[in-house]
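Undergrad: One file: start09.cif (mmCIF, C-alpha atoms and all ligand atoms).
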data_input
loop_
_atom_site.label_atom_id
_atom_site.label_comp_id
_atom_site.auth_asym_id
_atom_site.auth_seq_id
_atom_site.Cartn_x
_atom_site.Cartn_y
_atom_site.Cartn_z
CA MET A 30 44.05 141.61 83.37
CA LEU A 31 45.96 138.35 83.25
CA LEU A 32 49.14 138.40 85.28
CA LEU A 33 51.13 136.67 82.62
CA ASP A 34 50.26 135.60 79.13
CA PRO A 35 49.22 132.01 79.65
CA LYS A 36 47.62 130.03 76.88
CA PRO A 37 43.81 130.00 77.28
CA GLN A 38 44.08 126.39 78.43
CA ALA A 39 46.43 127.38 81.26
CA ALA A 40 44.07 130.14 82.39
CA ASP A 41 41.19 127.61 82.54
CA LEU A 42 43.32 125.25 84.57
CA ALA A 43 44.25 127.94 87.04
CA GLN A 44 40.56 128.65 87.57
CA SER A 45 39.79 124.98 88.26
CA LEU A 46 42.38 124.79 91.04
CA PRO A 47 41.48 123.95 94.64
CA THR A 48 41.28 126.76 97.16
CA VAL A 49 43.83 125.09 99.47
CA LEU A 50 47.19 125.59 97.81
CA PRO A 51 50.64 124.83 99.23
CA ARG A 52 52.61 127.96 100.07
CA HIS A 53 55.86 126.33 99.03
CA VAL A 54 56.21 123.78 96.22
CA ALA A 55 59.54 122.07 95.54
CA ILE A 56 60.15 120.00 92.41
CA ILE A 57 62.64 117.30 91.47
CA MET A 58 62.65 117.76 87.69
CA ASP A 59 63.50 114.27 86.46
CA GLY A 60 63.29 112.42 83.16
CA ASN A 61 64.79 114.83 80.64
CA GLY A 62 67.24 112.19 79.42
CA ARG A 63 64.63 109.44 79.03
CA TRP A 64 62.26 111.86 77.29
CA ALA A 65 64.97 112.65 74.75
CA LYS A 66 66.05 109.03 74.31
CA ARG A 67 62.52 107.96 73.43
CA ARG A 68 62.59 110.54 70.64
CA GLY A 69 66.05 109.62 69.39
CA GLN A 70 67.32 113.01 70.57
CA SER A 71 70.33 113.99 72.68
CA ARG A 72 70.19 114.44 76.45
CA SER A 73 70.85 118.14 75.86
CA ASP A 74 67.68 118.29 73.74
CA GLY A 75 65.85 116.78 76.70
CA HIS A 76 67.21 119.47 79.02
CA ARG A 77 66.23 122.16 76.50
CA ALA A 78 62.66 120.85 76.50
CA GLY A 79 62.88 120.69 80.30
CA ALA A 80 63.79 124.37 80.41
CA GLU A 81 60.48 125.09 78.62
CA SER A 82 58.65 123.26 81.41
CA VAL A 83 60.54 125.43 83.92
CA ARG A 84 59.23 128.53 82.14
CA ALA A 85 55.65 127.19 82.11
CA ILE A 86 55.65 126.12 85.77
CA VAL A 87 57.22 129.37 87.03
CA ARG A 88 54.50 131.35 85.22
CA MET A 89 51.71 129.17 86.54
CA ALA A 90 53.05 129.15 90.11
CA ARG A 91 53.13 132.94 90.11
CA LYS A 92 49.70 133.17 88.53
CA VAL A 93 47.97 130.94 91.08
CA GLY A 94 49.73 132.53 94.08
CA ILE A 95 52.33 129.98 95.18
CA GLU A 96 54.68 131.90 97.51
CA THR A 97 57.82 129.83 96.93
CA LEU A 98 58.79 127.52 94.09
CA THR A 99 62.04 125.60 94.55
CA LEU A 100 63.52 123.69 91.63
CA TYR A 101 66.25 121.04 91.80
CA ALA A 102 68.19 122.13 88.72
CA PHE A 103 71.65 120.62 89.37
CA SER A 104 72.70 118.41 92.25
CA GLU A 105 76.15 118.20 93.77
CA GLN A 106 76.22 114.65 92.39
CA ASN A 107 75.40 115.87 88.85
CA TRP A 108 79.06 116.98 88.49
CA ALA A 109 79.74 113.31 87.68
CA ARG A 110 77.90 113.72 84.33
CA PRO A 111 79.79 114.09 81.03
CA ALA A 112 81.39 117.53 80.59
CA GLY A 113 79.33 118.28 77.46
CA GLU A 114 76.05 117.65 79.28
CA ILE A 115 77.13 119.82 82.21
CA GLN A 116 78.08 122.59 79.81
CA SER A 117 74.72 122.41 78.03
CA LEU A 118 72.88 122.59 81.37
CA PHE A 119 74.70 125.77 82.39
CA THR A 120 74.23 127.28 78.93
CA LEU A 121 70.50 126.67 79.36
CA LEU A 122 70.63 128.29 82.78
CA VAL A 123 72.29 131.41 81.38
CA GLU A 124 69.70 131.55 78.55
CA PHE A 125 66.90 131.07 81.05
CA LEU A 126 68.15 133.91 83.25
CA ALA A 127 68.44 136.22 80.24
CA SER A 128 65.01 135.36 78.84
CA GLU A 129 63.17 135.48 82.19
CA ARG A 130 64.78 138.55 83.69
CA GLU A 131 62.03 140.85 82.51
CA LEU A 132 59.30 138.48 83.67
CA LEU A 133 60.89 138.26 87.12
CA ARG A 134 60.97 142.06 87.23
CA GLN A 135 57.41 142.61 85.99
CA HIS A 136 55.95 140.00 88.27
CA GLN A 137 58.05 140.78 91.32
CA ILE A 138 59.64 137.34 91.59
CA ARG A 139 62.75 137.10 93.77
CA LEU A 140 65.42 134.68 92.58
CA VAL A 141 67.59 132.85 95.07
CA ALA A 142 70.28 130.25 94.36
CA LEU A 143 70.97 127.46 96.83
CA GLY A 144 74.07 125.30 96.82
CA ASN A 145 77.80 125.40 96.29
CA THR A 146 77.33 128.05 93.61
CA ASP A 147 81.02 129.04 93.73
CA LYS A 148 81.67 125.86 91.74
CA LEU A 149 79.49 126.98 88.81
CA PRO A 150 81.10 128.12 85.53
CA LEU A 151 81.83 131.86 85.52
CA PRO A 152 79.12 132.88 82.98
CA ALA A 153 76.48 131.13 85.11
CA ARG A 154 77.78 132.78 88.30
CA LEU A 155 77.76 136.22 86.70
CA ALA A 156 74.26 135.78 85.26
CA LEU A 157 72.95 134.52 88.58
CA ARG A 158 74.55 137.35 90.53
CA LYS A 159 72.97 139.94 88.27
CA VAL A 160 69.44 138.52 88.44
CA ILE A 161 69.68 137.83 92.18
CA ASP A 162 70.76 141.44 92.77
CA ASP A 163 68.06 142.81 90.44
CA THR A 164 65.27 140.85 92.12
CA ARG A 165 66.45 141.03 95.72
CA ASP A 166 63.52 143.17 96.94
CA HIS A 167 60.75 141.40 95.05
CA LYS A 168 57.95 140.16 97.27
CA ALA A 169 55.33 138.39 95.14
CA MET A 170 57.05 135.01 94.84
CA THR A 171 60.43 133.43 95.58
CA LEU A 172 61.98 131.21 92.93
CA GLY A 173 64.68 129.00 94.45
CA LEU A 174 67.12 127.34 92.09
CA CYS A 175 69.13 124.52 93.64
CA LEU A 176 72.48 124.50 91.85
CA SER A 177 75.36 122.28 92.88
CA TYR A 178 73.00 121.50 95.75
CA GLY A 179 72.72 118.55 98.08
CA GLY A 180 70.68 118.24 101.26
CA ARG A 181 73.54 116.49 103.08
CA GLU A 182 76.03 119.07 101.80
CA ASP A 183 73.78 121.80 103.19
CA LEU A 184 73.59 120.08 106.58
CA VAL A 185 77.39 119.74 106.62
CA GLN A 186 78.00 123.41 105.83
CA ALA A 187 75.39 124.51 108.40
CA THR A 188 76.97 122.26 111.07
CA GLN A 189 80.42 123.62 110.30
CA ALA A 190 79.13 127.22 110.53
CA LEU A 191 77.49 126.54 113.89
CA ALA A 192 80.59 124.70 115.19
CA ALA A 193 82.74 127.69 114.22
CA GLN A 194 80.46 129.96 116.26
CA VAL A 195 80.78 127.63 119.27
CA ARG A 196 84.58 127.68 118.91
CA ALA A 197 84.52 131.48 118.69
CA GLY A 198 82.51 131.57 121.89
CA THR A 199 79.50 133.29 120.28
CA LEU A 200 77.19 130.27 120.57
CA GLU A 201 76.55 127.74 123.33
CA PRO A 202 76.14 124.08 122.28
CA GLY A 203 72.70 124.17 123.88
CA ASP A 204 71.73 126.97 121.50
CA ILE A 205 72.00 124.60 118.54
CA THR A 206 68.26 124.15 118.29
CA GLU A 207 66.02 123.16 115.39
CA SER A 208 65.51 126.79 114.46
CA ALA A 209 69.26 127.56 114.71
CA ILE A 210 69.99 124.75 112.25
CA THR A 211 67.17 125.90 109.95
CA ARG A 212 68.60 129.43 109.95
CA ALA A 213 72.11 128.17 109.11
CA LEU A 214 71.00 126.22 106.01
CA TRP A 215 71.23 127.65 102.48
CA THR A 216 67.47 127.13 102.32
CA ALA A 217 66.85 129.70 105.09
CA ARG A 218 66.43 132.19 102.23
CA LEU A 219 63.33 130.35 101.04
CA GLY A 220 61.34 131.49 104.07
CA GLY A 221 59.80 128.15 105.05
CA ASP A 222 59.66 124.43 104.43
CA PRO A 223 58.08 122.95 101.30
CA GLU A 224 54.53 121.75 101.84
CA LEU A 225 54.48 119.84 98.57
CA VAL A 226 57.41 118.03 96.92
CA ILE A 227 56.81 116.80 93.38
CA ARG A 228 59.06 114.36 91.53
CA THR A 229 58.51 113.59 87.88
CA SER A 230 59.40 110.60 85.67
CA GLY A 231 58.04 107.84 87.90
CA GLU A 232 61.03 107.68 90.27
CA GLN A 233 60.10 107.68 93.95
CA ARG A 234 63.07 108.91 95.96
CA LEU A 235 64.42 112.16 97.39
CA SER A 236 67.92 112.03 95.85
CA ASN A 237 69.46 114.31 98.47
CA PHE A 238 66.84 117.06 97.98
CA LEU A 239 65.67 119.19 100.94
CA LEU A 240 66.31 116.38 103.44
CA TRP A 241 65.78 118.53 106.55
CA GLU A 242 63.11 120.77 105.07
CA SER A 243 60.79 118.08 103.73
CA ALA A 244 60.17 116.44 107.12
CA TYR A 245 56.43 117.17 106.90
CA ALA A 246 56.04 117.71 103.17
CA GLU A 247 53.44 115.91 101.10
CA PHE A 248 54.93 113.99 98.17
CA VAL A 249 53.42 113.67 94.73
CA PHE A 250 55.13 111.38 92.23
CA SER A 251 54.18 111.93 88.62
CA ASP A 252 54.85 109.34 85.92
CA VAL A 253 55.29 112.12 83.37
CA ASP A 254 58.84 113.08 82.36
CA TRP A 255 59.78 116.66 83.23
CA PRO A 256 59.62 118.01 79.63
CA ASP A 257 55.96 116.89 79.51
CA PHE A 258 55.13 118.28 82.96
CA ARG A 259 53.19 121.41 82.14
CA GLU A 260 50.16 123.33 83.48
CA ALA A 261 47.72 120.39 83.45
CA GLN A 262 50.12 118.13 85.35
CA PHE A 263 50.96 120.86 87.86
CA ALA A 264 47.26 121.53 88.44
CA GLY A 265 46.79 117.77 89.00
CA ALA A 266 49.56 117.72 91.64
CA LEU A 267 48.00 120.73 93.39
CA ARG A 268 44.62 118.98 93.45
CA THR A 269 46.23 115.85 94.92
CA PHE A 270 47.83 118.01 97.63
CA ALA A 271 44.47 119.60 98.45
CA GLY A 272 43.01 116.14 99.00
CA ARG A 273 45.66 115.11 101.54
CA GLN A 274 45.05 115.18 105.26
CA ARG A 275 48.05 116.63 107.09
CA ARG A 276 48.46 115.66 110.74
CA TYR A 277 52.09 116.48 111.65
CA GLY A 278 52.24 113.49 113.98
CA ALA A 279 49.02 114.39 115.81
CA VAL A 280 45.60 112.77 115.35
CA ALA A 281 42.91 113.89 112.92
CA ALA A 282 40.54 116.55 114.25
C1 LIG A 301 67.00 115.35 85.49
O1 LIG A 301 66.81 114.64 84.29
C2 LIG A 301 67.22 116.75 85.21
C3 LIG A 301 68.34 117.45 85.47
C4 LIG A 301 69.52 116.84 86.10
C5 LIG A 301 68.50 118.86 85.16
C6 LIG A 301 67.27 119.71 85.20
C7 LIG A 301 67.48 120.83 84.26
C8 LIG A 301 66.53 121.45 83.50
C9 LIG A 301 65.12 121.14 83.66
C10 LIG A 301 66.85 122.46 82.45
C11 LIG A 301 67.59 123.68 82.84
C12 LIG A 301 67.16 124.32 84.11
C13 LIG A 301 66.82 125.62 84.25
C14 LIG A 301 66.53 126.14 85.60
C15 LIG A 301 66.69 126.53 83.11
P1 LIG A 301 67.82 113.50 83.91
O2 LIG A 301 68.82 114.07 82.98
O3 LIG A 301 68.40 112.88 85.13
O4 LIG A 301 66.87 112.50 83.17
P2 LIG A 301 67.00 110.90 83.12
O5 LIG A 301 66.88 110.41 84.54
O6 LIG A 301 65.84 110.52 82.27
O7 LIG A 301 68.32 110.60 82.50
#
In structure tokens, how does this file's structure come out?
TA:
Amino acid sequence: MLLLDPKPQAADLAQSLPTVLPRHVAIIMDGNGRWAKRRGQSRSDGHRAGAESVRAIVRMARKVGIETLTLYAFSEQNWARPAGEIQSLFTLLVEFLASERELLRQHQIRLVALGNTDKLPLPARLALRKVIDDTRDHKAMTLGLCLSYGGREDLVQATQALAAQVRAGTLEPGDITESAITRALWTARLGGDPELVIRTSGEQRLSNFLLWESAYAEFVFSDVDWPDFREAQFAGALRTFAGRQRRYGAVAA
């Protein structure tokens, strides 16, 4: 039985995947605006098409056995966008959570949100809370949504939390180790660092995404805009990852 209901083409792609897959894939979903502009459509139309790619990639990640998929959906810096665009992004998020709730339940996908989520509009916060609570015990895959997220912002909040413990006398400065910092980050809930970071749309930068966590990640930059990044492009990125030699600062065996 197929896990999900992929198109036949997607099922073929999943079968042609390498045996070495990253446990954790993180994606900077870029290019929605340019995709829409090329078609004479609004930026919101681009985000709507991007939400379809989110649906496709979540299904495929679960199908092929990725343990964690983390998506950069809204950065802390994205608050500087026009109010109408921000509103359309959070409307899409609420629609996505409503439409995917059953899939997350059936396929045992745990949803986690990472970022300053208190700043999100109330309908988005309520929808997130409900799905996060519903999926809390799911074990098959973790879907991380970065919302009002920034890697530097996460490091600042983790540092402040650790400093507060030192002031309270419950932590020694010498106990602020790599693993203590990792545990204090929002991303601790993801259960491990990304092994593969993908960015779409031809841009080659991190844009404040998973700065601490991506220290040893492999990067794949795709020229395709996010709304066109579907099963075939994801399979291509996974094959590129499988061809990389990872040394973590040591020498090749
Ligand atoms: C970057 O494209 C994309 C975003 C800032 C938002 C990503 C949002 C979605 C894919 C849709 C909704 C998400 C979910 C989880 C349902 P851009 O607007 O910066 O594109 P541009 O660089 O071409 O202008």
Undergrad: Taking all listed atoms of ligand LIG 301 (chain A), build the axis-aligned box, pad each of the six sides by 4 Å, then write its centre and edge lengths in Å to one decimal as JSON.
TA:
{"center_x": 67.3, "center_y": 118.5, "center_z": 84.2, "size_x": 12.4, "size_y": 24.1, "size_z": 11.8}
Undergrad: Taking only C-alpha atoms and all ligand atoms and a cut-off of 8 Å, can you tell me which residues surround ligand LIG 301 (chain A), written as a ChimeraX atom specification?
TA: /A:57-65,72,75-84,100-104,107,118-119,121-126,174,230,254-256
Undergrad: Near A:Asp252, counting only C-alpha atoms, which residues have an atom at most 9 Å away, once you skip same-chain residues fewer than 6 positions from it, shown as a ChimeraX atom specification?
TA: /A:228-232
Undergrad: Please dump the current selection as a CSV table (one decimal), in the coordinates of the input; keep C-alpha atoms.
TA:
chain,number,residue,atom,x,y,z
A,228,ARG,CA,59.1,114.4,91.5
A,229,THR,CA,58.5,113.6,87.9
A,230,SER,CA,59.4,110.6,85.7
A,231,GLY,CA,58.0,107.8,87.9
A,232,GLU,CA,61.0,107.7,90.3
Undergrad: For a test of reading the model, state the distance in Å between atom CA of A:Val226 and atom CA of A:Thr269, rounded to one decimal.
TA: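 These atoms are spaced 11.6 Å apart.
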Undergrad: Rounded to one decimal in Å, what is the spacing between atom CA of A:Gln189 and atom CA of A:Val160?
TA: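 Interatomic distance, atom CA of A:Gln189 to atom CA of A:Val160: 28.6 Å.
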